[in-house]
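Trainee: For reference, this is query.csv, and it has CSV, C-alpha atoms and all ligand atoms.
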chain,number,residue,atom,x,y,z
F,20,MET,CA,3.9,31.4,-21.6
F,21,GLY,CA,5.3,30.9,-18.1
F,22,ASP,CA,5.1,28.7,-15.1
F,23,LEU,CA,3.6,28.9,-11.6
F,24,GLY,CA,6.6,30.8,-10.3
F,25,GLN,CA,6.0,33.7,-12.7
F,26,THR,CA,3.3,35.5,-10.8
F,27,ASP,CA,3.4,38.6,-13.0
F,28,VAL,CA,2.7,36.6,-16.1
F,29,LEU,CA,-0.1,34.7,-14.4
F,30,GLN,CA,-1.7,37.9,-13.1
F,31,LYS,CA,-1.6,39.6,-16.5
F,32,ALA,CA,-3.0,36.6,-18.4
F,33,SER,CA,-5.8,36.2,-15.8
F,34,GLN,CA,-6.7,39.8,-16.1
F,35,GLU,CA,-7.5,39.2,-19.8
F,36,ALA,CA,-9.5,36.0,-19.3
F,37,ASP,CA,-13.2,35.5,-18.7
F,38,ILE,CA,-12.8,32.0,-17.3
F,39,VAL,CA,-9.6,30.6,-15.7
F,40,ILE,CA,-9.3,26.9,-15.1
F,41,ASN,CA,-6.4,25.9,-12.8
F,42,THR,CA,-5.4,22.2,-13.1
F,43,ALA,CA,-1.8,22.6,-11.9
F,44,PRO,CA,-0.6,21.6,-8.5
F,45,ASP,CA,-2.0,23.9,-5.7
F,46,ILE,CA,0.2,22.8,-2.8
F,47,THR,CA,3.3,25.0,-2.4
F,48,HIS,CA,1.8,27.3,-5.1
F,49,ALA,CA,-0.3,29.7,-3.0
F,50,GLU,CA,1.4,32.7,-4.5
F,51,ALA,CA,0.4,31.6,-8.0
F,52,ILE,CA,-3.2,31.2,-7.0
F,53,VAL,CA,-3.2,34.7,-5.3
F,54,ALA,CA,-1.8,36.1,-8.5
F,55,VAL,CA,-4.4,34.5,-10.7
F,56,LEU,CA,-7.2,35.6,-8.5
F,57,GLY,CA,-5.7,39.1,-8.3
F,58,GLY,CA,-5.7,39.3,-12.1
F,59,ILE,CA,-9.3,38.1,-12.4
F,60,LYS,CA,-10.5,40.6,-9.9
F,61,THR,CA,-9.1,43.5,-12.1
F,62,HIS,CA,-10.4,42.0,-15.3
F,63,GLY,CA,-10.3,44.6,-18.1
F,64,GLY,CA,-8.5,47.0,-15.7
F,65,ASN,CA,-11.4,47.8,-13.4
F,66,GLY,CA,-13.0,44.4,-12.4
F,67,ASP,CA,-16.8,43.9,-12.5
F,68,GLY,CA,-17.0,40.8,-10.3
F,69,ASN,CA,-18.3,38.8,-13.1
F,70,ARG,CA,-15.5,36.5,-14.1
F,71,TYR,CA,-14.9,32.9,-13.3
F,72,TYR,CA,-12.2,30.7,-11.6
F,73,ILE,CA,-12.3,26.9,-11.4
F,74,HIS,CA,-9.7,25.6,-8.9
F,75,THR,CA,-8.4,22.1,-8.6
F,76,SER,CA,-7.9,21.0,-5.1
F,77,GLY,CA,-7.9,17.4,-3.7
F,78,ALA,CA,-9.7,15.2,-1.2
F,79,SER,CA,-6.5,14.3,0.7
F,80,LEU,CA,-8.0,17.2,2.8
F,81,ILE,CA,-10.1,14.6,4.6
F,82,TRP,CA,-7.7,11.6,4.7
F,83,ASP,CA,-7.8,9.7,8.1
F,84,GLU,CA,-5.0,7.7,9.8
F,85,PRO,CA,-3.3,5.3,7.4
F,86,GLU,CA,-4.2,2.1,9.2
F,87,GLY,CA,-6.0,0.1,6.6
F,88,ARG,CA,-9.2,0.1,8.6
F,89,GLY,CA,-12.7,-0.2,7.2
F,90,ASN,CA,-16.1,1.4,8.0
F,91,ALA,CA,-14.8,5.0,7.9
F,92,ARG,CA,-17.0,8.0,7.6
F,93,TRP,CA,-18.4,9.3,4.4
F,94,TRP,CA,-17.8,13.0,3.4
F,95,ASP,CA,-20.6,14.7,1.6
F,96,ASP,CA,-19.9,18.0,-0.2
F,97,ILE,CA,-23.3,19.4,0.6
F,98,ASP,CA,-24.1,18.1,4.1
F,99,ASP,CA,-20.6,18.5,5.4
F,100,ILE,CA,-19.7,21.8,3.7
F,101,ALA,CA,-19.4,23.7,7.0
F,102,THR,CA,-16.9,21.2,8.4
F,103,ILE,CA,-15.0,20.9,5.1
F,104,SER,CA,-14.6,24.7,4.9
F,105,ALA,CA,-13.5,25.0,8.5
F,106,LEU,CA,-10.7,22.3,8.5
F,107,GLU,CA,-7.5,23.6,10.0
F,108,GLU,CA,-4.3,24.5,8.1
F,109,LYS,CA,-2.7,21.2,8.9
F,110,HIS,CA,-5.0,19.5,6.5
F,111,THR,CA,-3.6,19.2,2.9
F,112,HIS,CA,-5.2,21.8,0.6
F,113,ALA,CA,-7.0,23.7,3.5
F,114,VAL,CA,-4.8,26.8,3.0
F,115,THR,CA,-5.2,27.1,-0.7
F,116,ASP,CA,-8.9,26.2,-0.6
F,117,GLN,CA,-9.4,29.1,1.8
F,118,ILE,CA,-7.5,31.6,-0.5
F,119,VAL,CA,-10.0,30.6,-3.2
F,120,ARG,CA,-13.1,31.0,-1.0
F,121,GLU,CA,-11.9,34.4,0.2
F,122,ALA,CA,-11.9,35.7,-3.4
F,123,ALA,CA,-15.6,34.9,-3.7
F,124,PRO,CA,-17.1,38.4,-3.4
F,125,ASP,CA,-15.1,39.5,-6.4
F,126,VAL,CA,-14.8,36.4,-8.5
F,127,ASN,CA,-17.2,33.5,-9.2
F,128,VAL,CA,-15.2,30.7,-7.7
F,129,ALA,CA,-15.6,26.9,-7.7
F,130,ILE,CA,-13.4,24.2,-6.2
F,131,ILE,CA,-13.2,20.7,-7.7
F,132,SER,CA,-11.7,18.2,-5.2
F,133,PRO,CA,-11.0,14.8,-6.8
F,134,GLY,CA,-10.3,11.5,-5.1
F,135,PHE,CA,-7.7,9.5,-7.0
F,136,VAL,CA,-7.8,10.2,-10.7
F,137,GLY,CA,-7.7,7.0,-12.8
F,138,GLY,CA,-8.1,5.8,-16.4
F,139,ILE,CA,-6.1,6.8,-19.5
F,140,SER,CA,-6.4,10.4,-20.5
F,141,PRO,CA,-6.7,11.5,-24.2
F,142,SER,CA,-4.1,14.1,-23.4
F,143,ILE,CA,-1.0,14.0,-25.7
F,144,GLU,CA,1.4,14.4,-22.8
F,145,HIS,CA,0.1,13.0,-19.5
F,146,GLN,CA,-2.0,10.0,-20.3
F,147,LEU,CA,-1.4,8.0,-17.2
F,148,PRO,CA,-2.7,8.5,-13.6
F,149,ILE,CA,-0.1,10.1,-11.4
F,150,THR,CA,-0.4,7.2,-8.9
F,151,THR,CA,0.7,4.6,-11.5
F,152,PRO,CA,4.5,4.7,-11.1
F,153,ALA,CA,4.2,4.5,-7.2
F,154,LEU,CA,1.8,1.6,-7.3
F,155,ILE,CA,3.8,-0.4,-9.8
F,156,ASN,CA,7.2,0.3,-8.3
F,157,THR,CA,6.0,-0.5,-4.7
F,158,ALA,CA,4.7,-3.8,-6.0
F,159,ARG,CA,8.0,-4.4,-7.8
F,160,ALA,CA,9.9,-3.7,-4.5
F,161,PHE,CA,7.7,-6.2,-2.6
F,162,ASP,CA,7.6,-8.6,-5.6
F,163,SER,CA,4.0,-9.1,-4.7
F,164,GLY,CA,0.7,-7.2,-4.1
F,165,PHE,CA,0.6,-5.3,-0.8
F,166,LYS,CA,-1.9,-3.7,1.5
F,167,ILE,CA,-1.8,-1.9,4.9
F,168,ALA,CA,-3.1,-4.3,7.5
F,169,LYS,CA,-6.2,-6.0,6.0
F,170,GLY,CA,-6.6,-3.3,3.3
F,171,ASP,CA,-10.2,-2.6,4.4
F,172,ASN,CA,-9.7,1.1,3.8
F,173,CYS,CA,-11.7,2.6,0.9
F,174,HIS,CA,-10.7,5.2,-1.7
F,175,ALA,CA,-12.7,7.4,-3.9
F,176,TRP,CA,-11.6,7.1,-7.6
F,177,ILE,CA,-12.7,9.0,-10.6
F,178,HIS,CA,-12.0,8.3,-14.2
F,179,VAL,CA,-10.2,11.3,-15.8
F,180,GLN,CA,-12.9,11.7,-18.5
F,181,ASP,CA,-15.7,11.7,-15.9
F,182,LEU,CA,-13.7,14.4,-14.1
F,183,ALA,CA,-13.4,16.4,-17.3
F,184,ASP,CA,-17.2,16.3,-17.6
F,185,MET,CA,-17.4,18.1,-14.2
F,186,TYR,CA,-15.3,21.0,-15.5
F,187,LEU,CA,-17.5,21.2,-18.6
F,188,ILE,CA,-20.7,21.6,-16.6
F,189,LEU,CA,-19.1,24.6,-14.8
F,190,VAL,CA,-17.5,26.1,-18.0
F,191,ASN,CA,-20.9,25.8,-19.8
F,192,ASP,CA,-22.6,27.6,-17.0
F,193,ALA,CA,-20.0,30.4,-16.9
F,194,TRP,CA,-20.0,30.6,-20.7
F,195,THR,CA,-23.8,31.0,-20.8
F,196,ALA,CA,-23.7,33.7,-18.1
F,197,LEU,CA,-21.0,35.6,-20.1
F,198,GLY,CA,-23.4,35.7,-23.1
F,199,GLY,CA,-22.2,32.6,-24.9
F,200,GLN,CA,-24.5,30.0,-26.5
F,201,ARG,CA,-26.7,28.2,-24.0
F,202,PRO,CA,-25.7,24.5,-23.5
F,203,PRO,CA,-28.5,21.9,-23.7
F,204,PRO,CA,-30.4,22.1,-20.3
F,205,SER,CA,-30.2,19.1,-18.0
F,206,PRO,CA,-33.5,18.6,-16.0
F,207,SER,CA,-31.7,18.2,-12.6
F,208,ARG,CA,-29.7,21.3,-13.3
F,209,LEU,CA,-32.9,23.3,-13.7
F,210,ASP,CA,-34.2,21.8,-10.4
F,211,SER,CA,-31.1,22.7,-8.4
F,212,ASP,CA,-31.5,25.4,-5.9
F,213,LEU,CA,-27.7,25.4,-5.1
F,214,PRO,CA,-25.4,28.2,-6.3
F,215,LEU,CA,-22.9,26.8,-8.7
F,216,TRP,CA,-20.3,29.4,-7.7
F,217,GLY,CA,-19.2,31.0,-4.4
F,218,PRO,CA,-17.6,30.1,-1.1
F,219,GLU,CA,-19.7,26.9,-0.8
F,220,ALA,CA,-19.2,25.7,-4.3
F,221,TYR,CA,-16.9,22.9,-3.4
F,222,TYR,CA,-17.3,19.8,-5.6
F,223,PHE,CA,-16.0,16.4,-4.6
F,224,ALA,CA,-15.1,14.3,-7.7
F,225,SER,CA,-15.7,10.6,-7.2
F,226,GLY,CA,-17.2,7.9,-9.5
F,227,GLU,CA,-16.8,5.0,-7.1
F,228,ASP,CA,-15.6,3.8,-3.7
F,229,ILE,CA,-13.0,1.0,-3.8
F,230,ARG,CA,-11.7,-1.0,-0.9
F,231,PHE,CA,-7.9,-1.1,-1.1
F,232,ALA,CA,-7.7,-4.9,-0.9
F,233,ASP,CA,-10.3,-5.2,-3.7
F,234,PHE,CA,-8.2,-2.7,-5.8
F,235,MET,CA,-5.1,-5.0,-5.2
F,236,ASP,CA,-7.2,-8.0,-6.2
F,237,GLY,CA,-7.7,-6.3,-9.6
F,238,LEU,CA,-4.1,-5.1,-10.0
F,239,VAL,CA,-2.2,-8.2,-9.0
F,240,PRO,CA,-3.2,-10.4,-11.9
F,241,VAL,CA,-2.3,-7.7,-14.4
F,242,LEU,CA,1.1,-7.3,-12.7
F,243,LYS,CA,1.6,-11.0,-12.8
F,244,GLN,CA,0.7,-11.2,-16.5
F,245,HIS,CA,3.4,-8.6,-17.3
F,246,GLY,CA,6.0,-10.3,-15.1
F,247,ILE,CA,6.2,-7.4,-12.7
F,248,ILE,CA,5.7,-9.7,-9.8
F,249,ARG,CA,6.2,-13.5,-9.5
F,250,THR,CA,3.3,-15.7,-10.5
F,251,ASP,CA,3.1,-17.3,-7.0
F,252,ALA,CA,3.2,-14.0,-5.1
F,253,GLY,CA,0.2,-13.2,-2.9
F,254,ILE,CA,-0.7,-9.9,-1.3
F,255,ASP,CA,1.6,-8.8,1.6
F,256,SER,CA,0.0,-7.2,4.6
F,257,VAL,CA,2.3,-4.5,6.0
F,258,ASN,CA,2.3,-1.2,7.8
F,259,VAL,CA,2.9,2.3,6.3
F,260,THR,CA,6.5,2.5,7.5
F,261,VAL,CA,7.4,-0.8,5.9
F,262,ALA,CA,5.7,0.1,2.7
F,263,ALA,CA,7.6,3.4,2.6
F,264,ARG,CA,11.0,1.8,3.4
F,265,LYS,CA,10.4,-1.0,0.9
F,266,SER,CA,9.5,1.3,-2.0
F,267,LEU,CA,12.5,3.5,-1.1
F,268,ALA,CA,14.8,0.5,-1.2
F,269,GLY,CA,13.3,-0.5,-4.6
F,270,PRO,CA,13.3,-3.8,-6.4
F,271,GLY,CA,16.2,-6.0,-5.2
F,272,GLY,CA,17.2,-3.2,-2.9
F,273,GLU,CA,18.4,-3.8,0.6
F,274,TYR,CA,15.5,-3.5,2.9
F,275,ASP,CA,16.7,-2.5,6.4
F,276,ALA,CA,14.0,-3.1,9.1
F,277,LEU,CA,16.0,-0.9,11.5
F,278,ALA,CA,16.4,2.1,9.3
F,279,PRO,CA,14.6,5.2,10.4
F,280,PRO,CA,11.3,5.8,8.6
F,281,PRO,CA,11.5,8.2,5.6
F,282,PRO,CA,10.7,11.8,6.7
F,283,PRO,CA,7.0,12.5,7.1
F,284,ASP,CA,7.1,15.1,4.3
F,285,SER,CA,8.9,12.8,1.8
F,286,TRP,CA,7.2,11.6,-1.4
F,287,ALA,CA,7.8,7.9,-0.3
F,288,MET,CA,5.9,8.5,3.0
F,289,HIS,CA,3.1,10.4,1.3
F,290,ILE,CA,2.6,7.5,-1.2
F,291,ALA,CA,2.7,4.9,1.6
F,292,VAL,CA,0.2,6.9,3.6
F,293,MET,CA,-2.0,7.0,0.6
F,294,TYR,CA,-2.2,3.1,0.6
F,295,GLY,CA,-3.6,3.0,4.1
F,296,VAL,CA,-6.0,5.9,4.4
F,297,ASN,CA,-9.8,6.2,3.9
F,298,MET,CA,-11.2,8.8,1.4
F,299,ARG,CA,-14.9,8.2,1.1
F,300,LEU,CA,-16.6,10.9,-0.9
F,301,ARG,CA,-20.2,11.7,-1.9
F,302,PRO,CA,-20.2,14.1,-4.9
F,303,SER,CA,-23.7,15.3,-4.1
F,304,ARG,CA,-23.3,18.8,-5.4
F,305,ILE,CA,-22.3,17.9,-9.0
F,306,GLU,CA,-24.9,15.1,-9.0
F,307,ARG,CA,-27.5,17.7,-8.3
F,308,LEU,CA,-26.4,19.4,-11.5
F,309,GLY,CA,-27.1,16.2,-13.5
F,310,TRP,CA,-23.5,14.8,-13.6
F,311,LYS,CA,-23.1,11.0,-13.5
F,312,ALA,CA,-19.9,8.9,-13.8
F,313,LYS,CA,-20.1,7.1,-17.2
F,314,MET,CA,-16.7,5.5,-17.8
F,315,GLY,CA,-17.1,2.4,-15.6
F,316,SER,CA,-14.8,1.2,-12.8
F,317,ILE,CA,-11.2,2.3,-13.0
F,318,VAL,CA,-10.2,-1.3,-12.0
F,319,GLY,CA,-11.3,-2.2,-15.6
F,320,THR,CA,-8.7,0.3,-16.9
F,321,LEU,CA,-5.7,-1.3,-15.1
F,322,PRO,CA,-4.7,-3.7,-17.9
F,323,ALA,CA,-4.4,-0.7,-20.4
F,324,VAL,CA,-2.8,1.6,-17.8
F,325,VAL,CA,-0.1,-1.0,-16.8
F,326,ALA,CA,0.6,-1.8,-20.5
F,327,GLU,CA,1.0,1.9,-21.3
F,328,PHE,CA,3.2,2.5,-18.3
F,329,LEU,CA,5.6,-0.3,-19.3
F,330,GLN,CA,5.7,0.9,-22.9
F,331,GLN,CA,6.6,4.4,-21.8
F,332,GLU,CA,9.2,3.1,-19.3
F,333,ALA,CA,10.8,1.0,-22.0
F,334,LYS,CA,10.9,4.0,-24.3
F,335,GLU,CA,12.6,6.1,-21.6
F,336,LYS,CA,15.2,3.4,-20.9
F,337,ALA,CA,16.0,3.1,-24.6
F,338,GLN,CA,16.5,6.9,-24.9
F,339,ILE,CA,18.9,6.9,-21.9
F,340,ALA,CA,20.8,3.8,-23.3
C,401,LIG,N1,-3.7,13.0,-9.9
C,401,LIG,C1,-4.5,12.7,-8.9
C,401,LIG,O1,-4.9,11.6,-8.6
C,401,LIG,C2,-5.1,13.9,-8.1
C,401,LIG,C3,-6.0,13.6,-7.1
C,401,LIG,C4,-6.6,14.6,-6.4
C,401,LIG,C5,-6.2,15.9,-6.7
C,401,LIG,N2,-5.4,16.2,-7.7
C,401,LIG,C6,-5.0,17.6,-7.9
C,401,LIG,O2,-5.0,17.9,-9.3
C,401,LIG,C7,-4.0,19.0,-9.5
C,401,LIG,C8,-3.1,18.6,-10.6
C,401,LIG,O3,-2.6,17.3,-10.2
C,401,LIG,P1,-2.0,16.3,-11.3
C,401,LIG,O4,-2.0,15.0,-10.7
C,401,LIG,O5,-2.6,16.5,-12.6
C,401,LIG,O6,-0.5,16.8,-11.2
C,401,LIG,P2,0.7,17.1,-12.3
C,401,LIG,O7,0.6,16.1,-13.3
C,401,LIG,O8,1.9,17.3,-11.5
C,401,LIG,O9,0.3,18.5,-12.9
C,401,LIG,C9,-0.6,18.8,-13.8
C,401,LIG,C10,-0.2,19.9,-14.7
C,401,LIG,O10,0.4,21.0,-14.0
C,401,LIG,C11,1.5,21.4,-14.6
C,401,LIG,N3,2.5,22.0,-13.7
C,401,LIG,C12,3.2,21.3,-12.7
C,401,LIG,N4,4.0,22.2,-12.1
C,401,LIG,C13,3.9,23.4,-12.7
C,401,LIG,C14,4.6,24.6,-12.6
C,401,LIG,N5,5.5,24.8,-11.6
C,401,LIG,N6,4.3,25.6,-13.4
C,401,LIG,C15,3.4,25.4,-14.4
C,401,LIG,N7,2.7,24.2,-14.6
C,401,LIG,C16,3.0,23.2,-13.8
C,401,LIG,C17,2.1,20.2,-15.3
C,401,LIG,O11,2.8,20.7,-16.4
C,401,LIG,P3,3.8,19.8,-17.3
C,401,LIG,O12,3.0,19.3,-18.4
C,401,LIG,O13,4.8,20.8,-17.8
C,401,LIG,O14,4.4,18.8,-16.5
C,401,LIG,C18,0.9,19.4,-15.7
C,401,LIG,O15,0.5,19.7,-17.0
C,401,LIG,C19,-3.4,19.2,-8.1
C,401,LIG,O16,-4.0,20.3,-7.5
C,401,LIG,C20,-3.7,18.0,-7.3
C,401,LIG,O17,-3.8,18.2,-5.9
C,401,LIG,C21,-4.8,15.2,-8.4
Using the file provided, produce a representation of the structure as structure tokens.
Ligand SMILES: NC(=O)c1ccc[n+]([C@@H]2O[C@H](COP(=O)([O-])OP(=O)(O)OC[C@H]3O[C@@H](n4cnc5c(N)ncnc54)[C@H](OP(=O)(O)O)[C@@H]3O)[C@@H](O)[C@H]2O)c1

Mentor:
Amino acid sequence: MGDLGQTDVLQKASQEADIVINTAPDITHAEAIVAVLGGIKTHGGNGDGNRYYIHTSGASLIWDEPEGRGNARWWDDIDDIATISALEEKHTHAVTDQIVREAAPDVNVAIISPGFVGGISPSIEHQLPITTPALINTARAFDSGFKIAKGDNCHAWIHVQDLADMYLILVNDAWTALGGQRPPPSPSRLDSDLPLWGPEAYYFASGEDIRFADFMDGLVPVLKQHGIIRTDAGIDSVNVTVAARKSLAGPGGEYDALAPPPPPDSWAMHIAVMYGVNMRLRPSRIERLGWKAKMGSIVGTLPAVVAEFLQQEAKEKAQIA
């Protein structure tokens, strides 16, 4: 139909919808979000304030310094909602989250804010986690596992199917309010006194908290099994700049320790920062609605993820050749 740059198309389509789910990138697409919300506000031409928008944000909002340190703070989406909502513009996602909150009087809004998304999706197009190429290619460049300092920093991870369940809870609620068939009630949902929608309806999505060094302990044997790294390679301890320079140089590339670090807004730097930050999330709000992660640890999905990545990579290379 159109893409995020076509605000007129977005506004018109949103005007006709009862529920809009946005799972496209939010960063650098504020205008698209404004267009969608503008369309929903005038649903059916006059707007009755009774339509729904589910926004996808991200928990990089609360990343700390990328130093590989442990014992970082936990962020709870109920207890810390005032702090989360007031984070300044310099925090990733803060600007677009605010645009969504400000639409709350006219639109029933909810923000889902995932940690890293893992597992294999049943989608026909994007089955693999977006972090897969960076993790594998950085390990290729090091020819070993890697971590920032001791890798004591922890990341929230959520399996893509557990994440989908969160959207379903909200869609079911909206659907019921719009006069659709009522979904089976969940006991905790009935006990919840929290509004599902509105300016405070900010849902962290996390199924588990994994120390980066433990994640690498799970990934390295899989990479060795597939010959991506040497069988005798250990786990290198580096800093963020080295990780960024190394992944830019690529496998067998010339690593220059004196080269200036990649620009702070480059993808290489963003990915390297990701390796060293903490992102510890308590998804209290969705748990109060009866949600529980069911898919198991994403570390258990790494063998299938790496195998699928290599298959796709081989296919792409064959197409180019
Ligand atoms: N992946 C994660 O680990 C993660 C973690 C936290 C938060 N998030 C958040 O989740 C959201 C989506 O992230 P993602 O990882 O799923 O990213 P993605 O793969 O880049 O994008 C998801 C979808 O958005 C579509 N899209 C991208 N640019 C578009 C454009 N200009 N116009 C129309 N559609 C466009 C893509 O379409 P095509 O099919 O055409 O490519 C794709 O289907 C973002 O808000 C991100 O911040 C993701």

Trainee: Identify, counting all atoms listed in the file, the protein, DNA and RNA residues located within 7 Å of ligand LIG 401 (chain C), and give them as a PDB file with C-alpha atoms, in the coordinates of the input.

Mentor:
ATOM      1  CA  GLY F  21       5.300  30.900 -18.100  1.00  0.00           C
ATOM      2  CA  ASP F  22       5.100  28.700 -15.100  1.00  0.00           C
ATOM      3  CA  LEU F  23       3.600  28.900 -11.600  1.00  0.00           C
ATOM      4  CA  GLY F  24       6.600  30.800 -10.300  1.00  0.00           C
ATOM      5  CA  THR F  42      -5.400  22.200 -13.100  1.00  0.00           C
ATOM      6  CA  ALA F  43      -1.800  22.600 -11.900  1.00  0.00           C
ATOM      7  CA  PRO F  44      -0.600  21.600  -8.500  1.00  0.00           C
ATOM      8  CA  ASP F  45      -2.000  23.900  -5.700  1.00  0.00           C
ATOM      9  CA  ILE F  46       0.200  22.800  -2.800  1.00  0.00           C
ATOM     10  CA  THR F  75      -8.400  22.100  -8.600  1.00  0.00           C
ATOM     11  CA  SER F  76      -7.900  21.000  -5.100  1.00  0.00           C
ATOM     12  CA  GLY F  77      -7.900  17.400  -3.700  1.00  0.00           C
ATOM     13  CA  ALA F  78      -9.700  15.200  -1.200  1.00  0.00           C
ATOM     14  CA  SER F 132     -11.700  18.200  -5.200  1.00  0.00           C
ATOM     15  CA  PRO F 133     -11.000  14.800  -6.800  1.00  0.00           C
ATOM     16  CA  GLY F 134     -10.300  11.500  -5.100  1.00  0.00           C
ATOM     17  CA  PHE F 135      -7.700   9.500  -7.000  1.00  0.00           C
ATOM     18  CA  VAL F 136      -7.800  10.200 -10.700  1.00  0.00           C
ATOM     19  CA  GLY F 137      -7.700   7.000 -12.800  1.00  0.00           C
ATOM     20  CA  GLU F 144       1.400  14.400 -22.800  1.00  0.00           C
ATOM     21  CA  HIS F 145       0.100  13.000 -19.500  1.00  0.00           C
ATOM     22  CA  PRO F 148      -2.700   8.500 -13.600  1.00  0.00           C
ATOM     23  CA  ILE F 149      -0.100  10.100 -11.400  1.00  0.00           C
ATOM     24  CA  THR F 150      -0.400   7.200  -8.900  1.00  0.00           C
TER      25      THR F 150
END

Trainee: Which residue is closest to F:Pro218? Choose from F:Lys336, F:Arg120, F:Arg70, F:His112 and count only C-alpha atoms.

Mentor: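 Ranked by minimum distance to F:Pro218, first place goes to F:Arg120.
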
Trainee: So the first atom is atom CA of F:Gly170 and the second is atom CA of F:Gly319; what is the distance between them in Å, to one decimal place?

Mentor: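 If I compute the distance from atom CA of F:Gly170 to atom CA of F:Gly319, I get 19.5 Å.
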
Trainee: Would you be able to write out as a PyMOL selection string which residues have an atom within 7 Å of (-1.4, 6.0, -5.3) in the file's coordinates, counting all atoms listed in the file?

Mentor: chain F and resi 150-151+153-154+290+293-294

Trainee: Quick one: everything within 7 Å of F:Lys313, counting only C-alpha atoms, minus sequence neighbours fewer than 2 positions away in the same chain. Send it as a list of chain:residue names.

Mentor: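 The neighbour list is F:Asp181, F:Lys311, F:Gly315.
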
Trainee: Would you mind listing what lies within 7 Å of F:Trp82 as a list of chain:residue names, with all atoms listed in the file counted and same-chain residues fewer than 5 positions away left out?

Mentor: F:Val296, F:Asn297, F:Met298

Trainee: Keeping only C-alpha atoms, take the residues you just selected and write them out as an mmCIF file, keeping the file's coordinate frame.

Mentor:
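Everything below was put into again37.cif:
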data_model
loop_
_atom_site.group_PDB
_atom_site.id
_atom_site.type_symbol
_atom_site.label_atom_id
_atom_site.label_comp_id
_atom_site.auth_asym_id
_atom_site.auth_seq_id
_atom_site.Cartn_x
_atom_site.Cartn_y
_atom_site.Cartn_z
ATOM 1 C CA VAL F 296 -6.000 5.900 4.400
ATOM 2 C CA ASN F 297 -9.800 6.200 3.900
ATOM 3 C CA MET F 298 -11.200 8.800 1.400
#

Trainee: Rank nothing, just name the residue among F:Thr26, F:Asn172, F:Ser140, F:Gln244 nearest to F:Pro322, using only C-alpha atoms.

Mentor: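 Closest residue, counting only C-alpha atoms: F:Gln244.
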
Trainee: One decimal, in Å: what's the spacing between atom CA of F:Leu300 and atom CA of F:Ser104?

Mentor: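 Spanning atom CA of F:Leu300 to atom CA of F:Ser104 is a straight-line distance of 15.1 Å.
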